[in-house]
file data.json (JSON, C-alpha atoms)
[["chain", "number", "residue", "atom", "x", "y", "z"],
["A", 268, "MET", "CA", -56.42, -3.97, 45.99],
["A", 269, "ALA", "CA", -58.67, -5.90, 43.58],
["A", 270, "LYS", "CA", -62.40, -5.27, 43.84],
["A", 271, "TYR", "CA", -63.36, -8.94, 44.07],
["A", 272, "THR", "CA", -62.11, -12.35, 45.08],
["A", 273, "LEU", "CA", -62.89, -15.40, 42.97],
["A", 274, "ASP", "CA", -65.67, -16.24, 45.42],
["A", 275, "SER", "CA", -67.22, -12.76, 45.43],
["A", 276, "LEU", "CA", -66.93, -12.08, 41.69],
["A", 277, "PRO", "CA", -70.40, -11.20, 40.32],
["A", 278, "VAL", "CA", -71.43, -13.38, 37.39],
["A", 279, "GLU", "CA", -73.77, -12.24, 34.64],
["A", 280, "LEU", "CA", -74.06, -14.63, 31.71],
["A", 281, "ASP", "CA", -73.75, -13.07, 28.23],
["A", 282, "LYS", "CA", -72.21, -9.89, 29.65],
["A", 283, "TYR", "CA", -68.77, -10.61, 28.13],
["A", 284, "LYS", "CA", -68.00, -11.67, 24.56],
["A", 285, "VAL", "CA", -64.23, -11.16, 24.12],
["A", 286, "ILE", "CA", -61.44, -12.91, 26.05],
["A", 287, "THR", "CA", -57.85, -11.67, 25.65],
["A", 288, "LEU", "CA", -54.99, -13.70, 27.04],
["A", 289, "ASP", "CA", -51.42, -12.79, 27.81],
["A", 290, "LEU", "CA", -49.10, -15.75, 27.24],
["A", 291, "ASP", "CA", -46.03, -15.97, 29.47],
["A", 292, "ASP", "CA", -46.91, -16.48, 33.14],
["A", 293, "THR", "CA", -50.64, -16.16, 32.35],
["A", 294, "LEU", "CA", -52.01, -18.74, 29.90],
["A", 295, "LEU", "CA", -48.68, -20.56, 29.74],
["A", 296, "ARG", "CA", -47.46, -22.47, 32.76],
["A", 297, "SER", "CA", -43.96, -21.97, 34.09],
["A", 298, "ASP", "CA", -42.69, -24.71, 31.75],
["A", 299, "LYS", "CA", -44.36, -22.87, 28.79],
["A", 300, "SER", "CA", -47.02, -25.56, 28.35],
["A", 301, "ILE", "CA", -50.81, -25.09, 28.27],
["A", 302, "SER", "CA", -52.82, -27.17, 30.70],
["A", 303, "GLU", "CA", -55.54, -29.48, 29.45],
["A", 304, "THR", "CA", -57.98, -27.70, 31.77],
["A", 305, "ASN", "CA", -57.31, -24.32, 30.16],
["A", 306, "LYS", "CA", -57.64, -25.87, 26.69],
["A", 307, "LYS", "CA", -60.97, -27.49, 27.55],
["A", 308, "ILE", "CA", -62.47, -24.35, 29.12],
["A", 309, "LEU", "CA", -61.32, -22.02, 26.33],
["A", 310, "GLN", "CA", -62.66, -24.37, 23.64],
["A", 311, "LYS", "CA", -65.98, -24.48, 25.45],
["A", 312, "ALA", "CA", -66.03, -20.68, 25.71],
["A", 313, "GLN", "CA", -65.40, -20.36, 21.99],
["A", 314, "GLN", "CA", -68.21, -22.85, 21.27],
["A", 315, "GLN", "CA", -70.53, -20.65, 23.36],
["A", 316, "GLY", "CA", -69.75, -17.56, 21.30],
["A", 317, "PHE", "CA", -66.74, -15.97, 23.00],
["A", 318, "SER", "CA", -64.04, -14.51, 20.77],
["A", 319, "ILE", "CA", -60.67, -15.77, 22.03],
["A", 320, "ALA", "CA", -57.62, -13.59, 21.32],
["A", 321, "ILE", "CA", -53.96, -13.58, 22.30],
["A", 322, "ALA", "CA", -52.36, -10.40, 23.66],
["A", 323, "THR", "CA", -48.59, -10.72, 23.64],
["A", 324, "GLY", "CA", -45.25, -9.04, 23.21],
["A", 325, "ARG", "CA", -44.42, -11.72, 20.68],
["A", 326, "HIS", "CA", -44.65, -12.01, 16.90],
["A", 327, "PRO", "CA", -47.95, -13.22, 15.26],
["A", 328, "LYS", "CA", -46.30, -16.54, 14.44],
["A", 329, "SER", "CA", -46.18, -17.36, 18.16],
["A", 330, "ALA", "CA", -49.87, -16.44, 18.50],
["A", 331, "VAL", "CA", -50.75, -18.81, 15.63],
["A", 332, "ARG", "CA", -48.87, -21.65, 17.29],
["A", 333, "VAL", "CA", -50.52, -21.09, 20.67],
["A", 334, "MET", "CA", -54.04, -20.72, 19.24],
["A", 335, "ASN", "CA", -53.55, -23.90, 17.25],
["A", 336, "GLU", "CA", -52.36, -25.73, 20.35],
["A", 337, "LEU", "CA", -55.41, -24.42, 22.22],
["A", 338, "GLY", "CA", -57.70, -25.81, 19.53],
["A", 339, "CYS", "CA", -59.16, -22.32, 19.06],
["A", 340, "LEU", "CA", -57.58, -21.24, 15.74],
["A", 341, "ASN", "CA", -60.19, -20.30, 13.15],
["A", 342, "GLU", "CA", -61.02, -17.62, 10.56],
["A", 343, "ASN", "CA", -62.00, -15.21, 13.32],
["A", 344, "SER", "CA", -58.91, -15.57, 15.51],
["A", 345, "TYR", "CA", -56.98, -12.39, 16.34],
["A", 346, "ALA", "CA", -53.88, -11.38, 18.25],
["A", 347, "VAL", "CA", -52.62, -8.16, 19.77],
["A", 348, "CYS", "CA", -48.87, -8.44, 19.09],
["A", 349, "PHE", "CA", -45.66, -6.64, 20.06],
["A", 350, "ASN", "CA", -47.39, -5.35, 23.22],
["A", 351, "GLY", "CA", -49.94, -3.34, 21.25],
["A", 352, "SER", "CA", -48.23, -1.94, 18.17],
["A", 353, "CYS", "CA", -49.98, -4.43, 15.87],
["A", 354, "VAL", "CA", -53.35, -6.20, 15.84],
["A", 355, "VAL", "CA", -53.56, -9.10, 13.41],
["A", 356, "ARG", "CA", -56.24, -11.41, 12.06],
["A", 357, "LEU", "CA", -54.35, -14.68, 12.30],
["A", 358, "SER", "CA", -55.93, -16.29, 9.24],
["A", 359, "ASP", "CA", -54.59, -13.37, 7.18],
["A", 360, "TYR", "CA", -51.14, -13.86, 8.64],
["A", 361, "ILE", "CA", -51.25, -17.58, 7.81],
["A", 362, "LYS", "CA", -52.37, -16.86, 4.25],
["A", 363, "HIS", "CA", -49.64, -14.29, 3.53],
["A", 364, "ASN", "CA", -47.01, -15.66, 5.94],
["A", 365, "ASP", "CA", -45.86, -12.15, 6.79],
["A", 366, "ILE", "CA", -47.02, -8.85, 8.28],
["A", 367, "VAL", "CA", -45.68, -6.60, 5.56],
["A", 368, "GLY", "CA", -47.78, -7.07, 2.46],
["A", 369, "TYR", "CA", -51.37, -6.90, 3.72],
["A", 370, "PRO", "CA", -53.46, -4.51, 5.84],
["A", 371, "THR", "CA", -53.51, -5.28, 9.56],
["A", 372, "VAL", "CA", -56.36, -4.37, 11.89],
["A", 373, "PHE", "CA", -54.06, -1.84, 13.56],
["A", 374, "ARG", "CA", -50.38, -1.03, 13.17],
["A", 375, "THR", "CA", -47.98, 1.63, 14.40],
["A", 376, "THR", "CA", -44.19, 1.75, 14.18],
["A", 377, "ALA", "CA", -41.09, 3.70, 15.12],
["A", 378, "ASN", "CA", -38.58, 4.65, 12.44],
["A", 379, "GLY", "CA", -34.93, 3.72, 12.45],
["A", 380, "LYS", "CA", -33.89, 7.16, 13.58],
["A", 381, "LEU", "CA", -35.91, 6.77, 16.79],
["A", 382, "VAL", "CA", -34.63, 3.25, 17.32],
["A", 383, "LYS", "CA", -31.05, 4.50, 17.05],
["A", 384, "THR", "CA", -31.87, 7.06, 19.74],
["A", 385, "VAL", "CA", -33.02, 4.24, 22.05],
["A", 386, "ALA", "CA", -29.93, 2.18, 21.21],
["A", 387, "ALA", "CA", -27.56, 5.09, 21.87],
["A", 388, "PHE", "CA", -29.26, 5.73, 25.22],
["A", 389, "ALA", "CA", -28.98, 2.03, 26.13],
["A", 390, "HIS", "CA", -25.29, 1.93, 25.21],
["A", 391, "SER", "CA", -24.56, 4.75, 27.65],
["A", 392, "PHE", "CA", -25.12, 2.18, 30.42],
["A", 393, "ASP", "CA", -22.51, -0.55, 30.78],
["A", 394, "GLY", "CA", -24.09, -3.98, 30.30],
["A", 395, "ALA", "CA", -27.29, -2.86, 28.57],
["A", 396, "ARG", "CA", -28.06, -4.50, 25.23],
["A", 397, "VAL", "CA", -30.75, -3.99, 22.60],
["A", 398, "HIS", "CA", -33.02, -6.11, 20.46],
["A", 399, "GLY", "CA", -36.22, -5.36, 18.57],
["A", 400, "TYR", "CA", -38.69, -6.30, 15.86],
["A", 401, "SER", "CA", -38.22, -4.80, 12.42],
["A", 402, "VAL", "CA", -41.27, -4.85, 10.13],
["A", 403, "THR", "CA", -39.21, -6.22, 7.25],
["A", 404, "ARG", "CA", -36.48, -8.21, 9.01],
["A", 405, "GLY", "CA", -38.27, -9.69, 12.02],
["A", 406, "LEU", "CA", -36.32, -10.20, 15.23],
["A", 407, "VAL", "CA", -33.04, -8.27, 15.18],
["A", 408, "ILE", "CA", -30.41, -8.54, 17.91],
["A", 409, "GLU", "CA", -27.00, -7.12, 18.79],
["A", 410, "ASP", "CA", -25.46, -10.33, 20.09],
["A", 411, "HIS", "CA", -26.26, -13.61, 21.78],
["A", 412, "ASN", "CA", -26.55, -12.42, 25.35],
["A", 413, "PRO", "CA", -28.70, -14.49, 27.77],
["A", 414, "TYR", "CA", -31.68, -12.13, 27.46],
["A", 415, "THR", "CA", -31.85, -11.97, 23.68],
["A", 416, "GLN", "CA", -31.52, -15.75, 23.71],
["A", 417, "ILE", "CA", -34.80, -15.87, 25.67],
["A", 418, "GLU", "CA", -36.42, -13.88, 22.85],
["A", 419, "ILE", "CA", -34.89, -16.13, 20.19],
["A", 420, "ASP", "CA", -36.20, -19.23, 21.96],
["A", 421, "THR", "CA", -39.79, -17.90, 22.22],
["A", 422, "SER", "CA", -40.17, -15.88, 19.02],
["A", 423, "ASP", "CA", -40.51, -18.77, 16.51],
["A", 424, "VAL", "CA", -39.25, -16.48, 13.71],
["A", 425, "GLY", "CA", -35.47, -16.72, 13.62],
["A", 426, "PHE", "CA", -33.29, -13.63, 13.96],
["A", 427, "GLU", "CA", -30.72, -11.38, 12.32],
["A", 428, "GLU", "CA", -27.70, -9.93, 14.09],
["A", 429, "ILE", "CA", -27.26, -6.22, 13.28],
["A", 430, "ASP", "CA", -25.59, -3.00, 14.36],
["A", 431, "PHE", "CA", -28.55, -0.89, 15.48],
["A", 432, "MET", "CA", -26.59, 2.31, 14.99],
["A", 433, "LYS", "CA", -26.28, 1.54, 11.26],
["A", 434, "CYS", "CA", -29.95, 0.80, 10.51],
["A", 435, "ASP", "CA", -31.67, 3.00, 7.93],
["A", 436, "ASP", "CA", -33.45, 6.06, 9.35],
["A", 437, "HIS", "CA", -36.66, 5.02, 7.56],
["A", 438, "GLU", "CA", -36.73, 1.33, 8.54],
["A", 439, "GLU", "CA", -39.89, 0.57, 10.55],
["A", 440, "PHE", "CA", -39.85, -1.20, 13.91],
["A", 441, "PHE", "CA", -42.80, -2.58, 15.86],
["A", 442, "LYS", "CA", -40.87, -2.24, 19.11],
["A", 443, "VAL", "CA", -37.37, -2.04, 20.56],
["A", 444, "MET", "CA", -36.16, -3.40, 23.90],
["A", 445, "ILE", "CA", -33.35, -2.69, 26.33],
["A", 446, "VAL", "CA", -32.36, -5.88, 28.13],
["A", 447, "GLY", "CA", -30.06, -6.61, 31.04],
["A", 448, "GLU", "CA", -29.83, -7.32, 34.74],
["A", 449, "GLU", "CA", -32.86, -6.31, 36.79],
["A", 450, "GLN", "CA", -30.95, -3.73, 38.85],
["A", 451, "LEU", "CA", -29.47, -2.20, 35.70],
["A", 452, "LEU", "CA", -32.90, -1.73, 34.15],
["A", 453, "ASP", "CA", -34.12, -0.16, 37.40],
["A", 454, "LYS", "CA", -31.29, 2.37, 37.06],
["A", 455, "ILE", "CA", -31.96, 2.98, 33.36],
["A", 456, "ARG", "CA", -35.63, 3.61, 34.02],
["A", 457, "LYS", "CA", -34.80, 6.37, 36.49],
["A", 458, "HIS", "CA", -32.83, 8.18, 33.78],
["A", 459, "LEU", "CA", -35.24, 7.90, 30.83],
["A", 460, "PRO", "CA", -35.13, 11.16, 28.84],
["A", 461, "GLU", "CA", -38.25, 13.09, 27.86],
["A", 462, "ARG", "CA", -37.39, 12.64, 24.18],
["A", 463, "LEU", "CA", -38.17, 8.93, 24.66],
["A", 464, "THR", "CA", -40.95, 9.03, 27.27],
["A", 465, "SER", "CA", -42.92, 11.48, 25.11],
["A", 466, "ILE", "CA", -43.01, 9.05, 22.19],
["A", 467, "PHE", "CA", -42.89, 5.51, 23.58],
["A", 468, "ASN", "CA", -44.99, 3.56, 26.05],
["A", 469, "ILE", "CA", -42.14, 2.15, 28.16],
["A", 470, "VAL", "CA", -43.03, -0.97, 30.15],
["A", 471, "ARG", "CA", -41.43, -3.91, 31.91],
["A", 472, "SER", "CA", -42.58, -7.23, 30.46],
["A", 473, "ASN", "CA", -40.35, -9.13, 32.84],
["A", 474, "PRO", "CA", -37.56, -8.09, 35.23],
["A", 475, "ASN", "CA", -34.94, -8.22, 32.45],
["A", 476, "PHE", "CA", -36.89, -6.59, 29.57],
["A", 477, "LEU", "CA", -37.66, -2.88, 29.25],
["A", 478, "GLU", "CA", -39.85, -2.44, 26.18],
["A", 479, "PHE", "CA", -40.36, 0.68, 24.06],
["A", 480, "ILE", "CA", -43.71, 0.57, 22.22],
["A", 481, "PRO", "CA", -44.20, 3.30, 19.57],
["A", 482, "ASN", "CA", -46.72, 6.11, 19.80],
["A", 483, "LYS", "CA", -47.79, 5.26, 23.34],
["A", 484, "SER", "CA", -49.40, 2.04, 22.13],
["A", 485, "SER", "CA", -50.18, -0.73, 24.61],
["A", 486, "LYS", "CA", -52.10, -3.95, 24.94],
["A", 487, "GLY", "CA", -54.95, -1.74, 26.14],
["A", 488, "THR", "CA", -55.06, 0.31, 22.91],
["A", 489, "GLY", "CA", -54.76, -2.96, 21.01],
["A", 490, "LEU", "CA", -57.73, -4.38, 22.92],
["A", 491, "LYS", "CA", -59.80, -1.33, 21.97],
["A", 492, "SER", "CA", -58.95, -1.79, 18.28],
["A", 493, "LEU", "CA", -59.77, -5.48, 18.51],
["A", 494, "CYS", "CA", -63.15, -4.85, 20.09],
["A", 495, "VAL", "CA", -64.03, -2.28, 17.41],
["A", 496, "ARG", "CA", -63.15, -4.86, 14.76],
["A", 497, "LEU", "CA", -65.30, -7.52, 16.46],
["A", 498, "GLY", "CA", -68.21, -5.11, 16.94],
["A", 499, "TYR", "CA", -68.28, -5.09, 20.74],
["A", 500, "ALA", "CA", -67.83, -2.35, 23.31],
["A", 501, "VAL", "CA", -64.56, -2.82, 25.18],
["A", 502, "GLU", "CA", -66.62, -3.18, 28.37],
["A", 503, "ARG", "CA", -67.65, -6.60, 27.07],
["A", 504, "SER", "CA", -64.11, -7.95, 27.24],
["A", 505, "ILE", "CA", -62.25, -10.00, 29.84],
["A", 506, "ALA", "CA", -58.46, -9.55, 29.89],
["A", 507, "PHE", "CA", -55.91, -11.74, 31.69],
["A", 508, "GLY", "CA", -52.35, -10.70, 32.50],
["A", 509, "ASP", "CA", -49.54, -10.71, 35.03],
["A", 510, "ALA", "CA", -46.89, -8.10, 34.17],
["A", 511, "GLU", "CA", -46.58, -4.35, 33.78],
["A", 512, "ASN", "CA", -47.04, -4.56, 30.01],
["A", 513, "ASP", "CA", -50.52, -6.01, 30.75],
["A", 514, "LEU", "CA", -51.51, -3.18, 33.08],
["A", 515, "HIS", "CA", -53.30, -0.90, 30.58],
["A", 516, "MET", "CA", -55.17, -3.88, 29.11],
["A", 517, "ILE", "CA", -56.28, -4.94, 32.61],
["A", 518, "GLN", "CA", -57.50, -1.38, 33.28],
["A", 519, "THR", "CA", -59.22, -1.07, 29.87],
["A", 520, "ALA", "CA", -61.17, -4.34, 29.81],
["A", 521, "GLY", "CA", -64.66, -4.72, 31.22],
["A", 522, "LEU", "CA", -63.22, -7.33, 33.56],
["A", 523, "GLY", "CA", -59.49, -7.12, 34.27],
["A", 524, "VAL", "CA", -58.03, -10.31, 35.73],
["A", 525, "ALA", "CA", -54.56, -10.53, 37.30],
["A", 526, "MET", "CA", -52.76, -13.77, 37.99],
["A", 527, "ALA", "CA", -51.79, -14.60, 41.58],
["A", 528, "ASN", "CA", -48.17, -14.76, 40.37],
["A", 529, "GLY", "CA", -48.43, -11.29, 38.79],
["A", 530, "PHE", "CA", -46.73, -8.00, 39.57],
["A", 531, "ASP", "CA", -48.18, -6.26, 42.61],
["A", 532, "VAL", "CA", -49.12, -3.18, 40.56],
["A", 533, "VAL", "CA", -51.18, -5.36, 38.20],
["A", 534, "LYS", "CA", -52.95, -7.19, 41.01],
["A", 535, "ALA", "CA", -53.79, -3.86, 42.64],
["A", 536, "ALA", "CA", -55.35, -2.53, 39.42],
["A", 537, "ALA", "CA", -57.31, -5.66, 38.52],
["A", 538, "ASP", "CA", -60.99, -6.28, 39.18],
["A", 539, "VAL", "CA", -60.15, -9.76, 40.43],
["A", 540, "VAL", "CA", -57.04, -11.80, 41.17],
["A", 541, "THR", "CA", -57.29, -15.41, 40.05],
["A", 542, "LYS", "CA", -55.10, -18.40, 40.83],
["A", 543, "SER", "CA", -51.58, -18.62, 39.39],
["A", 544, "ASN", "CA", -50.61, -19.65, 35.88],
["A", 545, "ASP", "CA", -49.60, -23.06, 37.26],
["A", 546, "GLU", "CA", -53.02, -23.51, 38.90],
["A", 547, "ASP", "CA", -55.27, -22.94, 35.85],
["A", 548, "GLY", "CA", -56.03, -19.37, 36.89],
["A", 549, "VAL", "CA", -57.47, -18.54, 33.46],
["A", 550, "ALA", "CA", -59.95, -21.41, 33.55],
["A", 551, "GLU", "CA", -60.98, -20.57, 37.13],
["A", 552, "VAL", "CA", -62.50, -17.27, 35.95],
["A", 553, "ILE", "CA", -63.83, -18.24, 32.51],
["A", 554, "LYS", "CA", -65.76, -21.29, 33.73],
["A", 555, "LYS", "CA", -67.87, -18.97, 35.90],
["A", 556, "PHE", "CA", -69.28, -17.33, 32.75],
["A", 557, "LEU", "CA", -70.08, -20.51, 30.82],
["A", 558, "LYS", "CA", -73.56, -21.92, 30.46]]
call {"tool": "encode", "arguments": {"input": "data.json", "output": "structure tokens"}}
result
Amino acid sequence: MAKYTLDSLPVELDKYKVITLDLDDTLLRSDKSISETNKKILQKAQQQGFSIAIATGRHPKSAVRVMNELGCLNENSYAVCFNGSCVVRLSDYIKHNDIVGYPTVFRTTANGKLVKTVAAFAHSFDGARVHGYSVTRGLVIEDHNPYTQIEIDTSDVGFEEIDFMKCDDHEEFFKVMIVGEEQLLDKIRKHLPERLTSIFNIVRSNPNFLEFIPNKSSKGTGLKSLCVRLGYAVERSIAFGDAENDLHMIQTAGLGVAMANGFDVVKAAADVVTKSNDEDGVAEVIKKFLK
């Protein structure tokens, strides 16, 4: 159970300096839009010295689009991407238009050999499919199933259809995902082998996505790297999220905020549960810390 309610949350001005925001079902409403209230409050927070960052499973291009729509995109805008395997300064991404040819704040990958191991495991379950993010090729998919189509629609980067079992052993991947029906992923999770659990942070980002993040990375480790880059202790951060892939970030931040529409495990771990993503839950917390 969360420590505080919105009404009992203690407020100390200037205590927090970094705000990290999950996108789907957190900052974004159910129709994928951003409310004018959230835009107004986040712009005001940035004007008062808060660093606003996106923390997402998506590609940096999506983070650029959202930050621009928020009116908060500047030279000091950052994003934790691919659920923690990459932390990017967005102005650098815009300048180079890729994430290959310049140094990122933080980056870790899995090689093609490991990705083939995940794919082979997935294919042992009837109905499970795979997609992922290659460092050099972007979004790669097996076929146009309904779940990879969700990724295509939200990624903003296009895609390439491949045979995962034929990828080069040395190709680098930011993450790989097994997708399918909710009950199928429940079954797959119960049979995860140690050869995968020892290497990957394996989390549910929604009921139909089981994500494999290399080297035990998470949004929480990404938040730590971001705070180091910005020169703040991680205790001075506020993190908002709703799903299991947000859990470590919620636990790592100085103030972990779960959405009312979030997974029960996330709400139980949070310091406070705010209103839902369709009720300006982000703004409800941030406005308490504004002068």
call {"tool": "residues_near_point", "arguments": {"input": "data.json", "point": "(-63.9, -22.1, 26.5)", "cutoff": "10 Å", "atoms": "all atoms listed in the file", "output": "list in words"}}
result
Ile286, Thr304, Asn305, Lys306, Lys307, Ile308, Leu309, Gln310, Lys311, Ala312, Gln313, Gln314, Gln315, Gly316, Phe317, Ser318, Ile319, Leu337, Cys339, Ala550, Ile553, Lys554, Phe556 and Leu557 of chain A
call {"tool": "write_last_selection", "arguments": {"input": "data.json", "atoms": "C-alpha atoms", "output": "mmCIF file, in the frame of the given file"}}
result
data_model
loop_
_atom_site.group_PDB
_atom_site.id
_atom_site.type_symbol
_atom_site.label_atom_id
_atom_site.label_comp_id
_atom_site.auth_asym_id
_atom_site.auth_seq_id
_atom_site.Cartn_x
_atom_site.Cartn_y
_atom_site.Cartn_z
ATOM 1 C CA ILE A 286 -61.440 -12.910 26.050
ATOM 2 C CA THR A 304 -57.980 -27.700 31.770
ATOM 3 C CA ASN A 305 -57.310 -24.320 30.160
ATOM 4 C CA LYS A 306 -57.640 -25.870 26.690
ATOM 5 C CA LYS A 307 -60.970 -27.490 27.550
ATOM 6 C CA ILE A 308 -62.470 -24.350 29.120
ATOM 7 C CA LEU A 309 -61.320 -22.020 26.330
ATOM 8 C CA GLN A 310 -62.660 -24.370 23.640
ATOM 9 C CA LYS A 311 -65.980 -24.480 25.450
ATOM 10 C CA ALA A 312 -66.030 -20.680 25.710
ATOM 11 C CA GLN A 313 -65.400 -20.360 21.990
ATOM 12 C CA GLN A 314 -68.210 -22.850 21.270
ATOM 13 C CA GLN A 315 -70.530 -20.650 23.360
ATOM 14 C CA GLY A 316 -69.750 -17.560 21.300
ATOM 15 C CA PHE A 317 -66.740 -15.970 23.000
ATOM 16 C CA SER A 318 -64.040 -14.510 20.770
ATOM 17 C CA ILE A 319 -60.670 -15.770 22.030
ATOM 18 C CA LEU A 337 -55.410 -24.420 22.220
ATOM 19 C CA CYS A 339 -59.160 -22.320 19.060
ATOM 20 C CA ALA A 550 -59.950 -21.410 33.550
ATOM 21 C CA ILE A 553 -63.830 -18.240 32.510
ATOM 22 C CA LYS A 554 -65.760 -21.290 33.730
ATOM 23 C CA PHE A 556 -69.280 -17.330 32.750
ATOM 24 C CA LEU A 557 -70.080 -20.510 30.820
#
call {"tool": "atom_distance", "arguments": {"input": "data.json", "atom1": "atom CA of A:Ile455", "atom2": "atom CA of A:His390"}}
result
10.6 Å
call {"tool": "residues_around", "arguments": {"input": "data.json", "residues": "A:Phe349", "least_positions_apart": "2", "cutoff": "12 Å", "atoms": "all atoms listed in the file", "output": "compact mmCIF listing (two decimals) with C-alpha atoms, keeping the file's coordinate frame"}}
result
# COMPACT_ATOMS: atom_id res chain seq x y z
CA ASP A 289 -51.42 -12.79 27.81
CA ILE A 321 -53.96 -13.58 22.30
CA ALA A 322 -52.36 -10.40 23.66
CA THR A 323 -48.59 -10.72 23.64
CA GLY A 324 -45.25 -9.04 23.21
CA ARG A 325 -44.42 -11.72 20.68
CA HIS A 326 -44.65 -12.01 16.90
CA PRO A 327 -47.95 -13.22 15.26
CA LYS A 328 -46.30 -16.54 14.44
CA SER A 329 -46.18 -17.36 18.16
CA ALA A 330 -49.87 -16.44 18.50
CA ALA A 346 -53.88 -11.38 18.25
CA VAL A 347 -52.62 -8.16 19.77
CA GLY A 351 -49.94 -3.34 21.25
CA SER A 352 -48.23 -1.94 18.17
CA CYS A 353 -49.98 -4.43 15.87
CA VAL A 354 -53.35 -6.20 15.84
CA VAL A 355 -53.56 -9.10 13.41
CA PHE A 373 -54.06 -1.84 13.56
CA ARG A 374 -50.38 -1.03 13.17
CA THR A 375 -47.98 1.63 14.40
CA THR A 376 -44.19 1.75 14.18
CA GLY A 399 -36.22 -5.36 18.57
CA TYR A 400 -38.69 -6.30 15.86
CA SER A 401 -38.22 -4.80 12.42
CA VAL A 402 -41.27 -4.85 10.13
CA GLY A 405 -38.27 -9.69 12.02
CA LEU A 406 -36.32 -10.20 15.23
CA SER A 422 -40.17 -15.88 19.02
CA PHE A 440 -39.85 -1.20 13.91
CA PHE A 441 -42.80 -2.58 15.86
CA LYS A 442 -40.87 -2.24 19.11
CA VAL A 443 -37.37 -2.04 20.56
CA MET A 444 -36.16 -3.40 23.90
CA ASN A 468 -44.99 3.56 26.05
CA VAL A 470 -43.03 -0.97 30.15
CA SER A 472 -42.58 -7.23 30.46
CA GLU A 478 -39.85 -2.44 26.18
CA PHE A 479 -40.36 0.68 24.06
CA ILE A 480 -43.71 0.57 22.22
CA PRO A 481 -44.20 3.30 19.57
CA SER A 484 -49.40 2.04 22.13
CA SER A 485 -50.18 -0.73 24.61
CA LYS A 486 -52.10 -3.95 24.94
CA GLY A 489 -54.76 -2.96 21.01
CA ASN A 512 -47.04 -4.56 30.01
CA ASP A 513 -50.52 -6.01 30.75
call {"tool": "residues_around", "arguments": {"input": "data.json", "residues": "A:Phe388", "least_positions_apart": "3", "cutoff": "10 Å", "atoms": "only C-alpha atoms", "output": "VMD selection string"}}
result
chain A and resid 382 to 385 391 to 392 395 445 455 458 to 460 463
call {"tool": "atom_distance", "arguments": {"input": "data.json", "atom1": "atom CA of A:Ala536", "atom2": "atom CA of A:Ala269"}}
result
6.3 Å
call {"tool": "closest_residue", "arguments": {"input": "data.json", "among": "A:Gln450, A:Asn473, A:Asn335, A:Gln518", "to": "A:Lys534", "atoms": "all atoms listed in the file"}}
result
A:Gln518
